[in-house]
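Scroll down for the structure; my scribbles are underneath it.
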Amino acid sequence: ILYFPAVSNDLPSNTNLSTRSRNTVYTMKKVAFMLKRSNEATSKVKKRYDPGSGKYSLHKLSNATLGENVNVKDLVKAPPEDEIEDFLATAVVDSYNRIKLMYSTIVEDAPIYKTKGCSDETCPKMSGGNKYEYLWQDGKMYKKPTAMSAPDYIVNLIEWVDDTLKDETVFPSYDDVPFPKNFMEVCSRIFRRLYRVFVHVYYHHFDRIKEIGAEPHVNALYKWFYHFSKEYDLLQEKDYEPLEELTRRIC
């Protein structure tokens, strides 16, 4: 499994607001609360798409992506015995949980870190450099594309994905309930938005990733995510543009 250094969902008891921005502390609380609630909300989904299940080879195979001689293109192909919808659903849940874990490592701004975390102050836009900016739209609370900070974007993203995963008409909990006809489109929408988290992390927080020693893990996760997305045509070609150079180098 791709592990990242553990981070706390709670603020340190000795947090000194005189030396740390109140806005940054608020951001940490906001994201930590959403991550904790997300883990609780998606517990029922994990029962069917259990990483420990012998039925799904995705989890066993994706753990090997840190190896130097692994052909990831082979790993992302659904085995003949797996139903394609189940395989895709497992990939969505698995990659979503790993990306949340990745983001949790950059949102903290504890004194032990030399690099800045992701906060409303440091990241007022959900962006990838100066060229790429992502606006949030969910058709409910945000009916039009709306600019927001990176933490706010990701909090909304987590809530949106959680709601989708909890929807029994989209991600049924039981094997005898069929997936909807537009399931591939649903997976595509989720993957396209999750990809933007990679873009933001690589452009603005890769120094933190290197500081905590997670660079090989993040690169391996991205490599798997990229090849899986290409294999099942989950992203549009323009979605890959922000990380085009990185992709050529590590994929």
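Going by the structure tokens order, chains are called A, B, ..., each with residues numbered from 1, while ligands are numbered from 1 in the order shown.
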
- Message: For the structure I just gave you, how does DSSP split region 46-182 of chain A - specifically, which residues are strand (DSSP E or B)? Reply as a list in words.
- Response: Ser127, Gly128, Tyr132, Glu133, Trp136 and Thr146 of chain A

- Which neighbours of Tyr232 (chain A) fall inside 9 Å, counting only C-alpha atoms, when residues of the same chain fewer than 2 positions from it are skipped, and could you give them as number ranges by chain? A: 77, 88, 184, 188, 227-230, 234-235

- Task: Point out the residue among A:Tyr226, A:Phe206, A:Val161, A:Arg248 with the least atom-to-atom distance to Gly128 (chain A), counting only C-alpha atoms.
- Result: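 Of A:Tyr226, A:Phe206, A:Val161, A:Arg248, the one nearest Gly128 (chain A) is A:Phe206, counting only C-alpha atoms.
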
- Task: Compare A:Tyr195, A:Thr169, A:Thr164, A:Gly117 by their minimum atom-to-atom distance to Lys238 (chain A), counting only C-alpha atoms, and give me the closest one.
- Result: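 Once distances to Lys238 (chain A) are computed over only C-alpha atoms, the minimum belongs to A:Tyr195.
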
- Item | Residue among A:Tyr113, A:Ile250, A:Arg196, A:Thr105 lying closest to Trp136 (chain A), counting only C-alpha atoms |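 Of the candidates, the smallest distance to Trp136 (chain A) is held by A:Arg196.
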
Any chance you could tabulate, as a tab-separated table, the residues of region 186-217 of chain A at most 9 Å from region 98-101 of chain A with each one's nearest atom pair and distance in Å to one decimal, using only C-alpha atoms, in chain and rising number order?
```
residue	atom	partner	partner_atom	distance
A:Leu194	CA	A:Ile99	CA	7.5
A:Val197	CA	A:Ile99	CA	7.7
A:Phe198	CA	A:Ile99	CA	8.1
```

- Message: Which residue is closest to Tyr96 (chain A)? Choose from A:Leu135, A:Ala78, A:Val31, A:Ile190 and count only C-alpha atoms.
- Response: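 Using only C-alpha atoms, Tyr96 (chain A) sits closest to A:Ile190.
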
- Query: Which one of A:Ala220, A:Ser38, A:Val199, A:Arg192 sits closest to Glu244 (chain A) if you count only C-alpha atoms?
  - Reply: A:Val199

- Using only C-alpha atoms, which residue out of A:Leu75, A:Ala110, A:Ala89, A:Arg37 lies closest to Pro180 (chain A)?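 Ranked by minimum distance to Pro180 (chain A), first place goes to A:Ala89.
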
- Message: For Leu246 (chain A), find every residue with an atom within 12 Å (counting only C-alpha atoms), except residues of its own chain fewer than 5 positions away, and show them as a list in words.
- Response: Phe198, Val199, Tyr202, Tyr203, Asn219, Tyr222, Lys223, Tyr226, Tyr240, Glu241 and Cys251 of chain A

Go ahead and write the residues just picked, C-alpha atoms, as a CSV table (one decimal), in the first residue's frame.
```csv
chain,number,residue,atom,x,y,z
A,198,PHE,CA,-2.5,16.3,-8.2
A,199,VAL,CA,-2.0,19.5,-10.3
A,202,TYR,CA,2.7,19.2,-7.7
A,203,TYR,CA,2.8,22.9,-8.6
A,219,ASN,CA,4.9,9.8,-7.9
A,222,TYR,CA,0.2,9.6,-9.9
A,223,LYS,CA,1.7,7.1,-12.3
A,226,TYR,CA,-2.5,8.5,-15.0
A,240,TYR,CA,-3.4,16.3,-18.7
A,241,GLU,CA,-1.8,19.5,-20.0
A,251,CYS,CA,5.2,7.7,-16.6
```
